[in-house]
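Trainee: This is final-v9.cif, which holds mmCIF, C-alpha atoms:
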data_final
#
loop_
_atom_site.label_atom_id
_atom_site.label_comp_id
_atom_site.auth_asym_id
_atom_site.auth_seq_id
_atom_site.Cartn_x
_atom_site.Cartn_y
_atom_site.Cartn_z
CA MET D 9 -17.98 -16.08 15.59
CA THR D 10 -18.28 -18.16 12.45
CA LEU D 11 -16.85 -17.48 9.03
CA ILE D 12 -20.33 -17.38 7.52
CA SER D 13 -21.31 -14.50 9.83
CA LEU D 14 -18.26 -12.57 8.65
CA VAL D 15 -19.19 -13.23 5.03
CA LYS D 16 -22.70 -11.92 5.65
CA THR D 17 -21.75 -8.87 7.70
CA LEU D 18 -18.91 -7.69 5.48
CA ASN D 19 -20.66 -8.76 2.29
CA LEU D 20 -17.65 -10.82 1.17
CA THR D 21 -17.65 -12.76 -2.08
CA VAL D 22 -17.09 -16.49 -1.58
CA ARG D 23 -14.60 -17.78 -4.17
CA CYS D 24 -14.47 -21.40 -3.02
CA CYS D 25 -15.33 -23.92 -0.29
CA LYS D 26 -18.88 -22.66 0.43
CA GLU D 27 -19.44 -25.78 2.54
CA LYS D 28 -16.64 -24.87 4.95
CA LEU D 29 -18.00 -21.56 6.18
CA ASP D 30 -19.50 -22.75 9.46
CA CYS D 31 -16.09 -23.00 11.14
CA ASN D 32 -15.19 -20.85 14.11
CA VAL D 33 -12.95 -17.79 13.67
CA THR D 34 -10.55 -17.23 16.60
CA GLY D 35 -9.24 -13.89 15.40
CA GLY D 36 -7.70 -12.11 12.46
CA TYR D 37 -4.23 -11.72 11.03
CA ILE D 38 -3.21 -9.16 8.39
CA GLY D 39 0.02 -9.79 6.53
CA ASP D 40 1.44 -9.85 3.04
CA LEU D 41 4.76 -11.49 3.84
CA LEU D 42 4.40 -15.26 3.94
CA SER D 43 7.28 -15.73 6.38
CA ASP D 44 5.62 -13.36 8.85
CA VAL D 45 2.26 -15.08 8.57
CA ILE D 46 3.87 -18.50 9.07
CA ALA D 47 5.72 -17.26 12.15
CA ASN D 48 3.03 -15.23 13.85
CA SER D 49 -0.54 -16.13 12.91
CA ASP D 50 -2.61 -18.60 14.92
CA LYS D 51 -4.86 -21.57 14.29
CA GLY D 52 -8.42 -20.56 13.41
CA ASN D 53 -7.42 -17.04 12.31
CA VAL D 54 -8.92 -15.52 9.24
CA TRP D 55 -6.00 -14.27 7.16
CA ILE D 56 -6.37 -10.87 5.46
CA THR D 57 -3.97 -10.27 2.57
CA ARG D 58 -3.33 -8.78 -0.85
CA GLN D 59 -1.29 -11.79 -1.97
CA SER D 60 -3.15 -14.04 -4.38
CA HIS D 61 -0.31 -16.37 -5.33
CA GLN D 62 -0.93 -20.12 -4.92
CA ASN D 63 1.56 -20.28 -2.01
CA ILE D 64 -0.98 -18.61 0.28
CA VAL D 65 -2.99 -21.83 0.37
CA ALA D 66 -0.06 -23.86 1.71
CA VAL D 67 0.50 -21.25 4.42
CA ALA D 68 -3.18 -21.23 5.45
CA GLU D 69 -3.23 -25.03 5.47
CA LEU D 70 -0.06 -25.24 7.55
CA LYS D 71 -1.36 -22.71 10.09
CA GLU D 72 -4.90 -24.17 10.02
CA HIS D 73 -6.51 -20.83 9.20
CA ALA D 74 -10.29 -20.58 9.05
CA GLY D 75 -10.03 -18.89 5.66
CA ILE D 76 -8.33 -16.25 3.54
CA ILE D 77 -9.78 -12.81 2.71
CA LEU D 78 -8.29 -11.12 -0.35
CA VAL D 79 -8.68 -7.36 -0.05
CA ARG D 80 -8.78 -4.30 -2.26
CA GLY D 81 -10.19 -6.13 -5.26
CA ARG D 82 -7.51 -8.77 -5.53
CA GLU D 83 -8.82 -11.97 -7.15
CA PRO D 84 -7.33 -15.42 -6.60
CA GLU D 85 -5.33 -16.91 -9.45
CA GLU D 86 -6.65 -20.10 -11.01
CA GLU D 87 -3.94 -22.27 -9.45
CA THR D 88 -4.70 -20.70 -6.08
CA LEU D 89 -8.37 -21.65 -6.32
CA GLU D 90 -7.55 -25.21 -7.40
CA LYS D 91 -5.22 -25.66 -4.44
CA ALA D 92 -7.70 -24.06 -2.05
CA VAL D 93 -10.47 -26.43 -3.12
CA LYS D 94 -8.16 -29.41 -2.60
CA ALA D 95 -7.02 -28.15 0.81
CA GLY D 96 -10.53 -27.09 1.88
CA ILE D 97 -9.47 -23.51 2.65
CA PRO D 98 -12.25 -20.97 1.91
CA ILE D 99 -11.12 -17.99 -0.15
CA LEU D 100 -13.20 -14.81 0.18
CA SER D 101 -12.74 -11.47 -1.54
CA THR D 102 -13.76 -7.84 -1.14
CA ALA D 103 -13.07 -4.42 -2.66
CA LEU D 104 -12.46 -2.97 0.81
CA PRO D 105 -8.91 -2.20 1.97
CA GLY D 106 -7.21 -4.34 4.62
CA PHE D 107 -7.50 -1.68 7.32
CA GLU D 108 -11.29 -1.55 7.00
CA VAL D 109 -11.69 -5.31 6.83
CA ALA D 110 -9.55 -5.78 9.94
CA GLY D 111 -11.35 -2.96 11.71
CA ARG D 112 -14.80 -4.36 11.06
CA ILE D 113 -13.84 -7.90 12.04
CA TYR D 114 -12.18 -6.59 15.20
CA GLU D 115 -15.33 -4.68 16.04
CA LEU D 116 -17.44 -7.83 15.58
CA ILE D 117 -15.13 -9.87 17.80
CA LYS D 118 -15.08 -7.24 20.56
CA ARG D 119 -18.82 -6.62 20.48
CA MET A 11 7.08 24.65 -30.45
CA VAL A 12 9.69 23.18 -28.14
CA PRO A 13 8.99 24.25 -24.56
CA THR A 14 11.78 25.96 -22.64
CA LEU A 15 13.38 23.59 -20.17
CA LYS A 16 13.53 24.74 -16.57
CA TYR A 17 15.46 21.72 -15.42
CA LYS A 18 17.28 18.79 -17.00
CA ASN A 19 19.35 16.03 -15.43
CA THR A 20 20.30 12.39 -15.82
CA PHE A 21 20.66 10.10 -12.82
CA PRO A 22 22.50 6.78 -13.06
CA VAL A 23 20.83 3.82 -11.26
CA GLU A 24 22.74 0.73 -10.18
CA GLY A 25 20.98 -2.61 -10.63
CA GLY A 26 20.52 -4.74 -7.49
CA ASN A 27 21.36 -1.95 -5.03
CA PHE A 28 18.28 -1.26 -2.92
CA ASP A 29 20.08 0.91 -0.35
CA ASN A 30 19.47 4.09 -2.29
CA ALA A 31 16.11 3.27 -3.84
CA GLY A 32 13.96 6.38 -3.65
CA VAL A 33 16.80 8.86 -3.27
CA ILE A 34 16.48 10.15 -6.84
CA SER A 35 12.69 10.35 -6.57
CA LEU A 36 12.86 12.40 -3.38
CA GLN A 37 15.51 14.67 -4.84
CA ILE A 38 13.39 15.39 -7.89
CA LYS A 39 10.26 15.77 -5.78
CA ASN A 40 12.03 18.53 -3.84
CA ILE A 41 13.10 20.23 -7.04
CA ILE A 42 9.54 20.12 -8.39
CA ARG A 43 8.21 21.44 -5.08
CA ASP A 44 10.73 24.30 -5.07
CA MET A 45 9.61 25.20 -8.60
CA GLY A 46 6.13 25.70 -7.17
CA PHE A 47 4.28 22.82 -8.83
CA PRO A 48 1.15 21.65 -6.96
CA ASP A 49 1.22 18.76 -4.44
CA ASP A 50 -0.59 16.39 -6.76
CA ILE A 51 2.01 16.88 -9.53
CA GLN A 52 4.89 16.42 -7.06
CA ARG A 53 3.34 13.17 -5.87
CA ARG A 54 2.59 11.79 -9.30
CA ALA A 55 6.08 12.56 -10.59
CA ALA A 56 7.74 11.17 -7.48
CA ILE A 57 5.72 7.93 -7.61
CA ALA A 58 6.39 7.44 -11.34
CA ILE A 59 10.13 8.00 -10.86
CA TYR A 60 10.24 5.77 -7.77
CA GLU A 61 8.53 2.90 -9.58
CA SER A 62 10.93 3.36 -12.52
CA GLU A 63 13.88 3.37 -10.14
CA LEU A 64 12.62 0.22 -8.43
CA ASN A 65 12.21 -1.52 -11.78
CA ILE A 66 15.82 -0.83 -12.76
CA ILE A 67 17.14 -1.86 -9.33
CA SER A 68 15.00 -5.00 -9.22
CA TYR A 69 15.57 -6.35 -12.72
CA ALA A 70 18.32 -4.61 -14.67
CA ARG A 71 22.12 -4.44 -14.52
CA ALA A 72 22.15 -0.67 -14.77
CA GLY A 73 20.11 2.20 -16.07
CA ASN A 74 19.63 5.93 -16.30
CA ILE A 75 16.71 8.13 -15.37
CA ASN A 76 16.51 11.32 -17.36
CA VAL A 77 14.23 14.09 -16.12
CA ARG A 78 13.26 17.18 -18.07
CA ILE A 79 10.98 19.81 -16.62
CA ALA A 80 9.30 22.52 -18.67
CA PRO A 81 6.75 25.01 -17.29
CA HIS A 82 3.81 22.81 -18.26
CA LEU A 83 5.35 19.40 -18.72
CA ILE A 84 7.46 16.84 -16.91
CA CYS A 85 9.23 14.22 -19.05
CA ILE A 86 10.78 11.16 -17.44
CA ASP A 87 12.81 8.64 -19.43
CA ALA A 88 13.99 5.52 -17.63
CA ALA A 89 16.20 3.36 -19.79
CA ASP A 90 18.01 0.23 -18.64
CA GLU A 91 20.27 -2.56 -19.78
CA GLY A 92 18.48 -5.66 -18.62
CA PRO A 93 16.38 -8.66 -19.53
CA GLY A 94 13.60 -6.60 -21.12
CA ILE A 95 9.91 -7.37 -20.78
CA GLU A 96 8.77 -10.43 -22.67
CA ASP A 97 5.04 -9.76 -22.61
CA ILE A 98 4.21 -6.10 -22.03
CA ASP A 99 0.42 -6.61 -21.89
CA ARG A 100 0.87 -9.21 -19.18
CA ALA A 101 3.38 -7.04 -17.29
CA MET A 102 0.84 -4.22 -17.22
CA LYS A 103 -1.67 -6.43 -15.41
CA ASP A 104 -1.94 -5.86 -11.67
CA GLY A 105 -0.45 -8.70 -9.71
CA TYR A 106 1.78 -10.08 -12.45
CA SER A 107 5.42 -10.08 -11.40
CA THR A 108 8.68 -11.88 -12.07
CA ALA A 109 10.28 -10.58 -8.86
CA ASN A 110 12.36 -12.93 -6.72
CA ASP A 111 11.85 -13.60 -3.00
CA ARG A 112 14.44 -11.03 -1.92
CA ILE A 113 12.55 -8.24 -3.65
CA ARG A 114 9.21 -9.48 -2.29
CA GLU A 115 10.42 -9.70 1.31
CA MET A 116 11.28 -6.00 1.07
CA GLY A 117 7.67 -5.28 0.19
CA PHE A 118 8.23 -4.71 -3.50
CA GLY A 119 7.66 -6.78 -6.61
CA ALA A 120 3.94 -7.25 -6.12
CA GLY A 121 3.26 -6.57 -9.78
CA MET A 122 1.76 -3.10 -9.36
CA GLY A 123 4.58 -0.94 -10.69
CA LEU A 124 3.88 -0.47 -14.38
CA SER A 125 0.14 0.02 -13.93
CA ASN A 126 0.88 2.49 -11.14
CA ILE A 127 3.18 4.47 -13.45
CA LYS A 128 0.38 4.52 -16.00
CA LYS A 129 -2.03 5.78 -13.32
CA CYS A 130 0.36 8.61 -12.41
CA SER A 131 1.20 9.74 -15.94
CA ASP A 132 -0.73 11.47 -18.70
CA LYS A 133 1.17 9.59 -21.36
CA PHE A 134 3.10 6.37 -20.83
CA GLU A 135 4.99 4.29 -23.33
CA ILE A 136 7.05 1.11 -22.90
CA ILE A 137 9.70 0.15 -25.42
CA SER A 138 11.38 -3.13 -24.62
CA GLU A 139 13.63 -5.63 -26.29
CA THR A 140 14.25 -9.05 -24.75
CA ASN A 141 17.80 -9.46 -23.41
CA LYS A 142 18.65 -5.87 -24.26
CA GLY A 143 16.66 -3.55 -22.07
CA THR A 144 13.58 -1.49 -21.38
CA HIS A 145 12.81 2.16 -21.94
CA LEU A 146 9.92 3.78 -20.07
CA LYS A 147 8.71 7.13 -21.43
CA ILE A 148 6.55 9.02 -18.97
CA LEU A 149 4.87 12.36 -19.51
CA ILE A 150 3.08 14.42 -16.91
CA ASP A 151 1.01 17.29 -18.22
CA ILE A 152 0.64 20.10 -15.72
CA ASN A 153 -2.46 21.67 -17.28
CA MET U 8 -23.34 5.72 16.39
CA ILE U 9 -24.59 6.72 12.98
CA VAL U 10 -25.92 3.78 11.01
CA VAL U 11 -26.16 4.82 7.39
CA ASN U 12 -24.54 3.95 4.12
CA THR U 13 -24.07 7.52 3.02
CA LEU U 14 -23.26 10.12 5.58
CA LYS U 15 -23.87 13.75 4.76
CA ILE U 16 -22.00 16.17 6.92
CA THR U 17 -23.12 19.76 6.58
CA ASN U 18 -20.47 21.94 4.97
CA HIS U 19 -18.17 18.97 4.64
CA GLN U 20 -17.68 16.40 1.97
CA THR U 21 -20.24 13.65 1.50
CA LEU U 22 -18.73 10.26 2.17
CA ALA U 23 -20.16 7.56 -0.01
CA ILE U 24 -19.41 4.21 1.51
CA SER U 25 -18.98 1.42 -0.97
CA GLY U 26 -20.90 -1.77 -0.36
CA PHE U 27 -23.53 -2.65 2.17
CA ASN U 28 -22.53 -2.64 5.78
CA PRO U 29 -24.98 -2.02 8.60
CA PHE U 30 -22.23 -1.44 11.15
CA TYR U 31 -20.38 1.27 9.31
CA ARG U 32 -19.67 4.25 11.44
CA ILE U 33 -17.71 7.42 11.10
CA LYS U 34 -17.06 9.81 13.91
CA SER U 35 -15.71 12.52 11.68
CA CYS U 36 -15.24 13.58 8.11
CA SER U 37 -12.12 11.91 6.77
CA ILE U 38 -11.64 14.49 4.08
CA CYS U 39 -12.02 17.85 5.79
CA GLY U 40 -9.85 16.69 8.66
CA LYS U 41 -12.35 17.20 11.49
CA THR U 42 -11.31 14.16 13.40
CA GLU U 43 -10.84 13.33 17.03
CA VAL U 44 -7.64 11.35 16.53
CA LYS U 45 -4.35 13.11 16.99
CA LEU U 46 -0.98 11.39 16.83
CA SER U 47 -0.68 11.62 20.62
CA LYS U 48 -4.03 9.81 20.99
CA LEU U 49 -2.98 7.16 18.48
CA ILE U 50 0.09 6.51 20.63
CA ASP U 51 -2.19 6.04 23.68
CA ILE U 52 -4.54 3.72 21.80
CA LEU U 53 -1.65 1.53 20.67
CA ASP U 54 0.39 1.68 23.92
CA ALA U 55 3.09 2.86 21.58
CA THR U 56 6.36 4.75 21.74
CA ILE U 57 7.58 7.42 19.35
CA MET U 58 11.06 7.12 17.78
CA SER U 59 11.15 10.27 15.66
CA GLY U 60 9.03 13.33 14.95
CA GLU U 61 8.02 14.10 18.57
CA GLU U 62 7.19 17.63 17.43
CA HIS U 63 4.22 16.24 15.45
CA LEU U 64 2.27 14.82 18.43
CA ASP U 65 -0.51 17.33 17.86
CA MET U 66 -1.01 16.33 14.22
CA ASP U 67 -4.41 15.01 13.07
CA VAL U 68 -4.42 11.46 11.75
CA ASN U 69 -7.54 10.61 9.78
CA THR U 70 -6.91 7.75 7.41
CA ALA U 71 -4.81 4.64 7.71
CA PHE U 72 -3.32 2.14 5.33
CA SER U 73 -2.34 -1.36 6.52
CA ALA U 74 0.11 -3.22 4.31
CA ASP U 75 3.40 -5.02 4.05
CA LEU U 76 3.53 -4.46 0.31
CA MET U 77 5.10 -1.13 -0.48
CA SER U 78 3.92 -1.67 -4.07
CA ASP U 79 0.35 -1.54 -2.80
CA VAL U 80 1.02 1.46 -0.65
CA LEU U 81 2.45 3.28 -3.66
CA ALA U 82 -0.58 2.43 -5.73
CA PHE U 83 -3.39 3.14 -3.26
CA ALA U 84 -2.40 5.20 -0.23
CA LYS U 85 -3.74 8.72 -0.02
CA PRO U 86 -1.74 11.76 1.08
CA LYS U 87 -1.71 12.38 4.85
CA SER U 88 -2.60 8.76 5.68
CA ILE U 89 -0.63 6.91 8.28
CA LEU U 90 1.14 3.80 7.16
CA LEU U 91 0.74 0.69 9.37
CA THR U 92 3.28 -2.00 8.52
CA GLY U 93 5.50 -4.80 9.75
CA LEU U 94 8.41 -3.70 7.57
CA THR U 95 11.32 -1.77 9.08
CA ASN U 96 13.73 -1.07 6.22
CA PRO U 97 14.61 2.49 5.16
CA GLN U 98 12.56 2.03 1.97
CA VAL U 99 9.43 2.29 4.11
CA VAL U 100 10.46 5.81 5.12
CA ARG U 101 11.29 6.83 1.56
CA THR U 102 7.99 5.39 0.33
CA ALA U 103 6.12 7.31 3.04
CA SER U 104 7.91 10.51 2.13
CA ILE U 105 7.24 10.13 -1.60
CA LEU U 106 3.53 9.62 -0.84
CA ASP U 107 3.26 12.46 1.70
CA ALA U 108 2.20 9.94 4.35
CA SER U 109 1.98 11.67 7.71
CA ALA U 110 3.43 8.95 9.95
CA ILE U 111 4.62 5.35 10.05
CA VAL U 112 3.46 2.84 12.65
CA ILE U 113 5.70 -0.22 12.90
CA VAL U 114 3.80 -3.15 14.41
CA ARG U 115 4.53 -6.43 16.17
CA GLY U 116 7.21 -4.98 18.47
CA LYS U 117 9.78 -4.76 15.71
CA ILE U 118 12.64 -2.34 16.28
CA PRO U 119 13.70 -0.51 13.11
CA PRO U 120 17.41 -0.36 12.27
CA ALA U 121 19.23 2.89 13.13
CA GLU U 122 19.41 3.93 9.48
CA THR U 123 15.62 3.83 9.21
CA VAL U 124 15.21 6.08 12.25
CA GLU U 125 17.94 8.43 11.03
CA LEU U 126 16.26 8.77 7.66
CA ALA U 127 12.86 9.40 9.29
CA LYS U 128 14.39 12.20 11.36
CA GLU U 129 16.01 13.67 8.28
CA LEU U 130 12.77 13.54 6.28
CA ASN U 131 10.73 14.69 9.28
CA ILE U 132 8.36 11.69 9.41
CA PRO U 133 7.21 10.36 12.79
CA ILE U 134 7.89 6.67 13.47
CA VAL U 135 5.72 5.03 16.12
CA LEU U 136 6.35 1.54 17.52
CA THR U 137 3.65 -0.75 18.89
CA LYS U 138 3.77 -4.31 20.20
CA TYR U 139 0.37 -5.16 18.73
CA ILE U 140 0.02 -7.18 15.54
CA LEU U 141 -1.26 -5.40 12.44
CA PHE U 142 -4.78 -6.80 12.94
CA GLU U 143 -5.05 -5.53 16.52
CA THR U 144 -3.46 -2.19 15.53
CA SER U 145 -5.93 -1.69 12.69
CA GLY U 146 -8.86 -2.81 14.84
CA ARG U 147 -8.06 -0.44 17.70
CA LEU U 148 -7.67 2.55 15.39
CA PHE U 149 -10.85 1.66 13.50
CA MET U 150 -12.80 1.44 16.76
CA ASN U 151 -11.53 4.93 17.56
CA GLY U 152 -12.92 6.42 14.39
CA MET U 153 -10.07 6.18 11.89
CA VAL U 154 -10.94 5.10 8.37
CA GLY U 155 -9.12 3.29 5.60
CA CYS U 156 -8.12 4.73 2.25
CA VAL U 157 -11.30 3.82 0.46
CA GLU U 158 -10.74 3.96 -3.25
CA LYS U 159 -12.45 1.66 -5.66
CA ILE U 160 -10.24 -0.37 -7.94
CA GLY U 161 -9.93 1.23 -11.35
CA ASP U 162 -10.38 4.81 -10.12
CA SER U 163 -7.52 7.11 -10.80
#
Rewrite the structure from the file as structure tokens, please.
Mentor:
Amino acid sequence: MTLISLVKTLNLTVRCCKEKLDCNVTGGYIGDLLSDVIANSDKGNVWITRQSHQNIVAVAELKEHAGIILVRGREPEEETLEKAVKAGIPILSTALPGFEVAGRIYELIKR
Amino acid sequence: MVPTLKYKNTFPVEGGNFDNAGVISLQIKNIIRDMGFPDDIQRRAAIAIYESELNIISYARAGNINVRIAPHLICIDAADEGPGIEDIDRAMKDGYSTANDRIREMGFGAGMGLSNIKKCSDKFEIISETNKGTHLKILIDIN
Amino acid sequence: MIVVNTLKITNHQTLAISGFNPFYRIKSCSICGKTEVKLSKLIDILDATIMSGEEHLDMDVNTAFSADLMSDVLAFAKPKSILLTGLTNPQVVRTASILDASAIVIVRGKIPPAETVELAKELNIPIVLTKYILFETSGRLFMNGMVGCVEKIGDS
């Protein structure tokens, strides 16, 4: 499953790195604690979070995530977007809560 | 007319001590429940007090939470000795926070507190002086 | 499967689903409580164990909230939701109690400290432990008909 298919199916808003959406998504990870995400997420995961601080980009870059989905209406801060563009990490956003986003992505993966 | 008070108490809160965070809120929630107030009021009061408690614990040296309950009104005053809030408008914005890593790792300090208090109250006022302290005045109207 | 954006259930509340999503499905009304998921079934779905509140196994669990930020939970969770989290400190239990959450699911195989379990027993809130990560936990429950706390930002 590609990131672009997730964007289309869940109607996510693309905040940056439109050109990087054809990458493959290996799974999802929900977490709001950076230390947890660093320790437990995997390469190619799409990371679902409510954190919008610029540090999320470094974590996604380190763990080679496919992208970051900000949930429940959270918007990325300016510094976050700048860093994400530099690192080539797509940032997507949605008004849906994390549970729903995870549920729908899970359903798509299992289908 | 001054409404008759059904309950009045002041609870001291120690800055930096997270072990008991929420104890006061739960205690007052029980009192409000026992007085027969509806679930929604119990919840709103408990959340507002909990957020106030967390603010004092997270940022101040010490503080007091004063609760007064009248038949149709709940008044909560949370006053602390602490750094104060430099920019109240900014502090009211969701996601803005000056919390340190310790607070964040516990799941707090995500910059939702003040706006959440506002959401739970019918009247909310912040009085703050830098390097002196902050006073939150919260009113919940039962009608 | 019912494929609609707005689902009208006779004699129950109408659920307006925000946003376009062709795969949205609901097996029951999340508001009136007519759901197929009970706490005992949730435990099956998550291969989980229960640490406190065994007397609540027959309780209905309709809505779920996944978060590690208690601040978010305090701002958005609805009463009677279950709280899915990776946190294990006693504050999680107090937060759940303040919000009238119906149960706590601790994910990723974490074992809560004794004080957390003690407090949950005292406050009569079930704690359930699962080895799955929060994503898998949410996904499994979603596939079984549970819904999230859908509330648009700015509503109060």
Trainee: Any idea what's packed within 8 Å of region 123-134 of chain A, counting only C-alpha atoms, ignoring anything in its chain fewer than 3 positions away? Could you give it as a list in words?
Mentor: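 In the requested format, the answer is Arg54, Ala55, Ile57, Ala58, Glu61, Ser62, Asn65, Ala101, Met102, Lys103, Asp104, Gly119, Ala120, Leu146, Lys147, Ile148, Leu149, Ile150 and Asp151 of chain A; Ser78, Leu81, Ala82 and Ser163 of chain U.
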Trainee: Enumerate as a ChimeraX atom specification the residues belonging to chain U that approach chain A to within 12 Å, with all atoms listed in the file taken into account.
Mentor: /U:74-87,92-108,122-123,126,130,160-163
Trainee: For CA of Thr17 (chain D) and CA of Val109 (chain D), quote the distance in Å rounded to one decimal.
Mentor: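 Here the two named atoms are 10.7 Å from each other.
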Trainee: For Val93 (chain D), which residue out of D:Asn19, D:Thr57, D:Gln62, D:Thr10 is the nearest one, using only C-alpha atoms?
Mentor: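 Checking each candidate against Val93 (chain D), we get D:Gln62 as the closest.
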Trainee: Could you name the residues that touch Lys118 (chain D) at 10 Å or less, counting only C-alpha atoms, but leaving out those on the same chain fewer than 5 positions away, as a list in words?
Mentor: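 The residues satisfying every condition are Arg112 and Ile113 of chain D; Gly146 and Met150 of chain U.
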Trainee: Just to confirm, what's the straight-line distance from CA of Asp30 (chain D) to CA of Glu143 (chain U) in Å (one decimal)?
Mentor: 23.6 Å
Trainee: Could you pull the residues within 12 Å of Asp50 (chain D), counting only C-alpha atoms, minus those fewer than 5 positions along the same chain, as a PyMOL selection string?
Mentor: (chain D and resi 33-38+44-45+55+67-75) or (chain U and resi 140)
Trainee: Determine which residues of chain D sit within 10 Å of chain A, taking into account all atoms listed in the file, and present them as a ChimeraX atom specification.
Mentor: /D:40-44,58-61,82-83,85
Trainee: Keeping only C-alpha atoms, write those residues as a PDB file, in the frame of the given file.
Mentor:
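File written: result-v4.pdb
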ATOM      1  CA  ASP D  40       1.440  -9.850   3.040  1.00  0.00           C
ATOM      2  CA  LEU D  41       4.760 -11.490   3.840  1.00  0.00           C
ATOM      3  CA  LEU D  42       4.400 -15.260   3.940  1.00  0.00           C
ATOM      4  CA  SER D  43       7.280 -15.730   6.380  1.00  0.00           C
ATOM      5  CA  ASP D  44       5.620 -13.360   8.850  1.00  0.00           C
ATOM      6  CA  ARG D  58      -3.330  -8.780  -0.850  1.00  0.00           C
ATOM      7  CA  GLN D  59      -1.290 -11.790  -1.970  1.00  0.00           C
ATOM      8  CA  SER D  60      -3.150 -14.040  -4.380  1.00  0.00           C
ATOM      9  CA  HIS D  61      -0.310 -16.370  -5.330  1.00  0.00           C
ATOM     10  CA  ARG D  82      -7.510  -8.770  -5.530  1.00  0.00           C
ATOM     11  CA  GLU D  83      -8.820 -11.970  -7.150  1.00  0.00           C
ATOM     12  CA  GLU D  85      -5.330 -16.910  -9.450  1.00  0.00           C
TER      13      GLU D  85
END
Trainee: Selected by the PyMOL selection byres ((chain U and resi 47-63) around 8) in the shown coordinates: which residues, as a ChimeraX atom specification?
Mentor: /U:44-46,64-66,124,127-128,131-139,144,147-148
Trainee: Specify as an mmCIF file with C-alpha atoms, in the coordinates of the input each residue included when the PyMOL selection byres ((chain A and resi 68-77) around 7) is applied to this file.
Mentor:
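Okay, out-v2.cif is ready:
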data_model
loop_
_atom_site.group_PDB
_atom_site.id
_atom_site.type_symbol
_atom_site.label_atom_id
_atom_site.label_comp_id
_atom_site.auth_asym_id
_atom_site.auth_seq_id
_atom_site.Cartn_x
_atom_site.Cartn_y
_atom_site.Cartn_z
ATOM 1 C CA LYS A 18 17.280 18.790 -17.000
ATOM 2 C CA ASN A 19 19.350 16.030 -15.430
ATOM 3 C CA THR A 20 20.300 12.390 -15.820
ATOM 4 C CA PHE A 21 20.660 10.100 -12.820
ATOM 5 C CA PRO A 22 22.500 6.780 -13.060
ATOM 6 C CA VAL A 23 20.830 3.820 -11.260
ATOM 7 C CA GLU A 24 22.740 0.730 -10.180
ATOM 8 C CA GLY A 25 20.980 -2.610 -10.630
ATOM 9 C CA GLY A 26 20.520 -4.740 -7.490
ATOM 10 C CA LEU A 64 12.620 0.220 -8.430
ATOM 11 C CA ASN A 65 12.210 -1.520 -11.780
ATOM 12 C CA ILE A 66 15.820 -0.830 -12.760
ATOM 13 C CA ILE A 67 17.140 -1.860 -9.330
ATOM 14 C CA ARG A 78 13.260 17.180 -18.070
ATOM 15 C CA ILE A 79 10.980 19.810 -16.620
ATOM 16 C CA CYS A 85 9.230 14.220 -19.050
ATOM 17 C CA ILE A 86 10.780 11.160 -17.440
ATOM 18 C CA ASP A 87 12.810 8.640 -19.430
ATOM 19 C CA ALA A 88 13.990 5.520 -17.630
ATOM 20 C CA ALA A 89 16.200 3.360 -19.790
ATOM 21 C CA ASP A 90 18.010 0.230 -18.640
ATOM 22 C CA GLU A 91 20.270 -2.560 -19.780
ATOM 23 C CA GLY A 92 18.480 -5.660 -18.620
ATOM 24 C CA PRO A 93 16.380 -8.660 -19.530
ATOM 25 C CA ILE A 113 12.550 -8.240 -3.650
#
Trainee: If you measure from CA of Met153 (chain U) to CA of Ser101 (chain D), what distance in Å do you get, rounded to one decimal?
Mentor: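 Computing it gives 22.3 Å between the two atoms.
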Trainee: So which residues get picked by the PyMOL selection byres ((chain D and resi 104) around 8) here, written as a CSV table (one decimal) with C-alpha atoms, in the frame of the given file?
Mentor:
chain,number,residue,atom,x,y,z
D,79,VAL,CA,-8.7,-7.4,0.0
D,80,ARG,CA,-8.8,-4.3,-2.3
D,81,GLY,CA,-10.2,-6.1,-5.3
D,102,THR,CA,-13.8,-7.8,-1.1
D,103,ALA,CA,-13.1,-4.4,-2.7
D,105,PRO,CA,-8.9,-2.2,2.0
D,106,GLY,CA,-7.2,-4.3,4.6
D,108,GLU,CA,-11.3,-1.6,7.0
D,109,VAL,CA,-11.7,-5.3,6.8
U,157,VAL,CA,-11.3,3.8,0.5
U,159,LYS,CA,-12.4,1.7,-5.7
Trainee: I need the residue nearest Val15 (chain D) from this list: D:Val54, D:Ile46, D:Val65, D:Leu100. Use only C-alpha atoms for the distance.
Mentor: D:Leu100
Trainee: Find the residue from U:Leu90, U:Ala71, U:Ala121, U:Val114 that sits nearest to chain D; use all atoms listed in the file when measuring.
Mentor: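 Ranked by minimum distance to chain D, first place goes to U:Ala71.
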Trainee: Please provide the set of residues having any atom within 10 Å of Lys91 (chain D), restricted to only C-alpha atoms, with same-chain residues fewer than 2 positions apart removed, written as an MDAnalysis selection string.
Mentor: chainID D and resid 62:66 86:89 93:97
